[in-house]
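Asks: Below is the file work-v8.txt, with compact mmCIF, C-alpha atoms.
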```txt
# COMPACT_ATOMS: atom_id res chain seq x y z
CA MET R 1 113.23 99.14 128.21
CA THR R 2 112.96 100.52 124.72
CA MET R 3 115.56 98.76 122.65
CA ILE R 4 115.28 94.98 122.67
CA ARG R 5 118.26 93.32 124.31
CA GLY R 6 120.48 91.77 121.68
CA THR R 7 119.44 94.18 118.93
CA ARG R 8 121.54 97.20 118.05
CA PHE R 9 122.17 100.10 115.75
CA ILE R 10 125.08 99.29 113.48
CA VAL R 11 126.85 102.47 112.40
CA GLY R 12 130.26 103.67 111.33
CA LYS R 13 132.93 101.28 110.11
CA GLU R 14 131.01 98.09 110.86
CA ALA R 15 127.93 99.23 108.89
CA ALA R 16 130.16 100.11 105.95
CA GLN R 17 131.88 96.72 106.13
CA ILE R 18 128.59 94.81 106.19
CA ARG R 19 127.16 96.75 103.25
CA ALA R 20 130.39 96.30 101.28
CA LEU R 21 130.23 92.57 101.92
CA GLU R 22 126.58 92.45 100.78
CA THR R 23 127.54 94.33 97.63
CA ARG R 24 130.33 91.85 96.93
CA PHE R 25 127.91 88.94 97.39
CA ARG R 26 125.38 90.53 95.01
CA SER R 27 127.92 91.34 92.36
CA TYR R 28 129.49 87.88 92.64
CA LEU R 29 126.11 86.22 91.98
CA HIS R 30 124.78 88.57 89.31
CA MET K 1 99.77 122.83 97.64
CA ALA K 2 101.29 124.03 94.41
CA ARG K 3 103.34 122.30 91.81
CA ARG K 4 106.67 124.01 91.92
CA PRO K 5 109.39 124.05 89.37
CA ARG K 6 112.20 121.72 90.27
CA LYS K 7 114.52 123.22 92.76
CA PHE K 8 118.16 123.63 92.10
CA ALA K 9 119.89 121.13 94.32
CA LEU K 10 122.48 122.35 96.78
CA TRP K 11 124.76 119.54 95.78
CA LYS K 12 125.71 118.09 92.44
CA LEU K 13 123.82 114.85 92.51
CA ASP K 14 124.25 112.41 89.72
CA SER K 15 124.96 109.00 91.19
CA GLY K 16 123.27 106.48 93.42
CA ALA K 17 125.73 107.32 96.15
CA ILE K 18 124.27 110.73 96.90
CA PHE K 19 123.62 110.15 100.57
CA ILE K 20 127.28 109.39 101.07
CA ASN K 21 128.28 112.35 98.89
CA VAL K 22 126.50 114.78 101.21
CA GLY K 23 128.33 113.45 104.24
CA ALA K 24 125.89 110.83 105.48
CA GLU K 25 126.93 107.53 107.02
CA GLU K 26 124.87 104.38 106.80
CA ALA K 27 123.05 103.02 109.82
CA ILE K 28 121.60 99.52 109.99
CA VAL K 29 118.57 99.60 112.28
CA PRO K 30 116.87 96.81 114.24
CA ALA K 31 113.51 95.56 112.93
CA LEU K 32 112.44 94.57 116.45
CA TRP K 33 111.80 97.26 119.03
CA SER K 34 109.81 97.97 122.15
CA GLN K 35 106.30 99.39 121.75
CA ASP K 36 107.05 102.09 124.33
CA THR K 37 109.08 104.22 121.96
CA PHE K 38 106.30 104.52 119.42
CA ILE K 39 103.62 105.02 122.03
CA GLN K 40 105.63 107.90 123.55
CA LYS K 41 106.97 109.42 120.34
CA ALA K 42 103.93 109.05 118.17
CA GLY K 43 101.46 109.50 121.02
CA GLY K 44 97.87 109.84 119.92
CA SER K 45 98.64 109.34 116.29
CA GLU K 46 97.19 106.74 114.01
CA ILE K 47 100.47 104.85 113.80
CA ILE K 48 99.86 103.05 117.09
CA GLY K 49 96.83 101.29 115.64
CA GLN K 50 98.85 100.39 112.57
CA MET K 51 101.65 98.52 114.32
CA TRP K 52 102.44 94.83 114.49
CA THR K 53 102.57 94.32 118.24
CA PHE K 54 103.09 91.23 120.32
CA PRO K 55 104.49 90.12 123.68
CA ASP K 56 107.80 88.25 123.65
CA LYS K 57 108.34 85.02 125.63
CA LYS K 58 108.78 87.04 128.80
CA GLY K 59 105.68 89.10 128.17
CA ARG K 60 107.49 92.31 127.15
CA ALA K 61 105.60 94.52 124.71
CA CYS K 62 107.46 94.33 121.40
CA CYS K 63 106.74 95.44 117.88
CA LEU K 64 108.10 95.39 114.37
CA ILE K 65 109.20 98.91 113.54
CA PRO K 66 106.53 100.91 111.66
CA GLU K 67 109.12 103.59 110.80
CA ALA K 68 112.68 104.41 111.84
CA THR K 69 112.82 108.10 112.75
CA ALA K 70 111.65 107.51 116.33
CA LEU K 71 114.59 105.14 116.87
CA PHE K 72 117.09 107.81 115.86
CA GLN K 73 115.42 110.38 118.09
CA GLU K 74 115.52 108.07 121.07
CA ARG K 75 119.15 107.03 120.58
CA CYS K 76 120.22 110.52 119.51
CA SER K 77 122.78 111.21 122.23
CA GLU K 78 124.33 107.77 121.82
CA LEU K 79 124.53 108.21 118.04
CA LEU K 80 126.02 111.69 118.37
CA GLY K 81 128.61 110.74 120.95
CA ARG K 82 130.88 113.75 121.14
CA GLN K 83 129.87 115.08 117.74
CA GLU K 84 127.64 118.12 117.52
CA GLU K 85 125.85 116.79 114.45
CA ARG K 86 125.67 113.63 112.43
CA MET K 87 123.90 112.68 109.23
CA LEU K 88 122.81 109.07 108.97
CA PHE K 89 120.94 107.25 106.24
CA TYR K 90 119.27 103.87 106.31
CA ILE K 91 117.46 101.29 104.25
CA ALA K 92 114.98 99.63 106.58
CA ARG K 93 112.22 97.06 106.31
CA CYS K 94 109.19 98.51 108.10
CA TYR K 95 105.88 96.94 109.06
CA ARG K 96 102.37 98.35 109.32
CA TYR K 97 99.14 96.61 110.14
CA GLU K 98 96.86 98.15 107.58
CA ARG K 99 94.80 97.08 104.64
CA PRO K 100 97.10 96.22 101.74
CA GLN K 101 96.42 97.92 98.42
CA ALA K 102 98.41 99.10 95.43
CA GLY K 103 101.58 100.75 96.69
CA ARG K 104 100.75 99.96 100.31
CA TYR K 105 102.14 96.81 101.81
CA ARG K 106 102.32 95.47 105.33
CA GLU K 107 106.03 94.94 104.92
CA PHE K 108 107.82 97.62 102.97
CA SER K 109 111.17 99.34 102.54
CA GLN K 110 112.02 102.84 103.60
CA LEU K 111 115.00 104.77 102.32
CA GLY K 112 115.60 107.38 104.96
CA LEU K 113 117.93 110.04 106.21
CA GLU K 114 118.15 111.64 109.63
CA TYR K 115 120.23 114.74 110.21
CA LEU K 116 120.79 114.98 113.95
CA CYS K 117 121.83 118.51 114.79
CA PRO K 118 121.04 121.34 117.21
CA ASP K 119 119.34 123.42 114.49
CA PRO K 120 116.20 121.61 113.24
CA GLU K 121 115.30 124.46 110.86
CA LEU K 122 118.63 124.18 109.08
CA ALA K 123 118.36 120.39 109.17
CA VAL K 124 114.94 120.38 107.50
CA LYS K 125 116.14 122.65 104.71
CA ARG K 126 119.08 120.37 104.04
CA SER K 127 116.90 117.28 104.25
CA GLN K 128 114.52 118.71 101.68
CA ALA K 129 117.36 119.72 99.40
CA ILE K 130 118.80 116.21 99.60
CA VAL K 131 115.57 114.38 98.84
CA THR K 132 114.55 116.72 96.02
CA GLY K 133 118.10 116.46 94.66
CA PHE K 134 117.78 112.69 94.73
CA PHE K 135 114.45 112.78 92.89
CA ASP K 136 115.90 115.22 90.33
CA SER K 137 118.81 112.85 89.79
CA LEU K 138 116.26 110.15 88.93
CA GLY K 139 114.46 112.50 86.53
CA LEU K 140 111.25 112.09 88.54
CA ARG K 141 108.34 114.58 88.41
CA TYR K 142 106.86 115.32 91.82
CA GLU K 143 104.96 117.80 93.94
CA ILE K 144 106.31 119.02 97.25
CA ASP K 145 104.11 120.22 100.08
CA ASP K 146 106.30 121.83 102.70
CA SER K 147 103.56 122.50 105.20
CA ALA K 148 101.83 119.15 105.40
CA ARG K 149 100.04 118.09 108.55
CA ARG K 150 101.88 114.96 109.65
CA GLY K 151 100.40 112.02 111.50
CA LEU K 152 103.36 111.76 113.87
CA SER K 153 103.34 114.04 116.88
CA TYR K 154 107.12 114.41 117.15
CA TYR K 155 107.27 116.81 114.21
CA LEU K 156 107.65 120.42 115.34
CA ASN K 157 104.30 122.24 115.10
CA GLY K 158 102.77 118.96 113.92
CA ARG K 159 103.86 119.81 110.42
CA GLY K 160 106.43 118.57 107.98
CA PHE K 161 106.89 118.05 104.28
CA GLU K 162 105.55 115.50 101.86
CA ILE K 163 106.41 114.64 98.30
CA ARG K 164 103.73 113.20 96.06
CA CYS K 165 103.68 111.71 92.63
CA THR K 166 100.25 112.24 91.11
CA GLU K 167 100.52 109.19 88.84
CA LEU K 168 100.06 106.96 91.88
CA GLY K 169 96.34 107.61 92.39
CA ALA K 170 95.11 106.88 95.92
CA GLN K 171 98.57 106.40 97.49
CA GLN K 172 100.40 109.43 96.11
CA GLN K 173 102.70 110.17 98.99
CA VAL K 174 106.21 108.90 98.33
CA VAL K 175 108.12 110.88 100.95
CA GLY K 176 107.34 112.15 104.43
CA GLY K 177 109.68 114.22 106.53
CA GLY K 178 110.15 117.22 108.74
CA ALA K 179 111.89 118.85 111.67
CA TYR K 180 111.83 117.42 115.17
CA ARG K 181 113.53 118.36 118.43
CA GLU K 182 116.76 116.46 117.68
CA GLY K 183 117.09 117.49 114.01
CA ALA K 184 115.20 116.61 110.84
CA GLY K 185 114.89 113.91 108.24
CA PHE K 186 112.77 112.09 105.72
CA GLY K 187 111.66 108.62 104.69
CA ILE K 188 111.05 107.51 101.12
CA GLY K 189 108.71 104.60 100.43
CA ALA K 190 110.88 102.47 98.15
CA GLU K 191 108.08 100.43 96.59
CA ARG K 192 106.04 103.55 95.83
CA LEU K 193 109.07 105.29 94.41
CA LEU K 194 109.57 102.38 92.04
CA LEU K 195 105.87 102.50 91.08
CA ALA K 196 106.18 106.24 90.38
CA MET K 197 109.32 105.72 88.32
CA THR K 198 107.58 102.97 86.36
CA ALA K 199 104.52 105.18 85.78
CA GLN K 200 106.80 107.95 84.49
CA GLY K 201 108.68 105.59 82.19
CA LEU K 202 111.95 105.90 84.11
CA VAL K 203 112.59 102.20 84.59
```
Using structure tokens, write down the structure from this file.
Replies:
Amino acid sequence: MTMIRGTRFIVGKEAAQIRALETRFRSYLH
Amino acid sequence: MARRPRKFALWKLDSGAIFINVGAEEAIVPALWSQDTFIQKAGGSEIIGQMWTFPDKKGRACCLIPEATALFQERCSELLGRQEERMLFYIARCYRYERPQAGRYREFSQLGLEYLCPDPELAVKRSQAIVTGFFDSLGLRYEIDDSARRGLSYYLNGRGFEIRCTELGAQQQVVGGGAYREGAGFGIGAERLLLAMTAQGLV
């Protein structure tokens, strides 16, 4: 076992979507 | 180590989105990991003594990640899939059990890039060009040492590169990187970078 079960690398489209959502949240509140 | 004139960047770099501009994709990495990876990958290095380690409820040896490069190396084939190479960047919270002082925290942020590819020598050149291009885009003065002895044993020949900002006193290193079996990459200490930018009047 190296990676803890239930954790993961998020890459590709999903990573981009999460970061875009975070950016929208930041810019909404700033 | 010599202070070199700023290098001409391989890419036109003038925005905060430079990692994406050079073809990198973002990766979001776990903060929790097994100790095994770091014990194997960083074997014998000082990082093992600097980790936050603990057993989970089932007694498995866990840790908070002290750095992220080892994760990319270990999951390299999964991250590559059918691609021959892939450039990934990350912004990760990392944790080290060491004495806190100016510019050194037990919880800190790393801005990193890993270029997974079959040619580590090419990858390290590109990695260096990207990070120096980024620093140039910030207008930052720095020194680069491209034959630094690195504390992590996965670097080829035990050596890599470091970037230092002399204004920072005892904790001058802002970037560490180098070539490893699966490619090459670097990590920037975000808090130190901000300190260096502040010291140079850039923020």
Asks: Kindly determine which residues of chain R lie within 8 Å of chain K, considering all atoms listed in the file, and give the answer as a list in words.
Replies: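 Output check: Met1, Thr2, Met3, Ile4, Thr7, Arg8, Phe9, Ile10, Val11, Gly12, Ala15 and Ala16 of chain R.
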Asks: Distance atom CA of Phe108 of chain K-atom CA of Phe186 of chain K, one decimal place?
Replies: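 Atom-to-atom, atom CA of Phe108 of chain K and atom CA of Phe186 of chain K are spaced 15.5 Å apart.
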Asks: What separation in Å, quoted to one decimal, exists between atom CA of Leu168 of chain K and atom CA of Asp145 of chain K?
Replies: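 Spanning atom CA of Leu168 of chain K to atom CA of Asp145 of chain K is a straight-line distance of 16.1 Å.
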Asks: Could you tell me how far atom CA of Glu78 of chain K lies from atom CA of Ala179 of chain K, in Å and to one decimal?
Replies: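 Separation of atom CA of Glu78 of chain K and atom CA of Ala179 of chain K: 19.5 Å.
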Asks: Please list as a PyMOL selection string every residue within 8 Å of Tyr142 of chain K, counting all atoms listed in the file and excluding residues in the same chain fewer than 5 positions away.
Replies: chain K and resi 3+163-166
Asks: Print the selection's residues with C-alpha atoms to a file, as a tab-separated table (two decimals), keeping the file's coordinate frame.
Replies:
```tsv
chain	number	residue	atom	x	y	z
K	3	ARG	CA	103.34	122.30	91.81
K	163	ILE	CA	106.41	114.64	98.30
K	164	ARG	CA	103.73	113.20	96.06
K	165	CYS	CA	103.68	111.71	92.63
K	166	THR	CA	100.25	112.24	91.11
```
Asks: So, counting only C-alpha atoms, which residue among K:Tyr105, K:Tyr95, K:Phe135, K:Phe54 is closest to Ala196 of chain K?
Replies: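 When distances to Ala196 of chain K are compared using only C-alpha atoms, the smallest one comes from K:Phe135.
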Asks: Taking all atoms of segment 5-22 of chain R that the file lists, what box with edges along x, y and z, padded by 8 Å per side, do you get, with centre and edge lengths in Å to one decimal, as AutoDock Vina command-line options?
Replies:
```
--center_x 125.6 --center_y 97.7 --center_z 112.5 --size_x 30.7 --size_y 27.9 --size_z 39.5
```
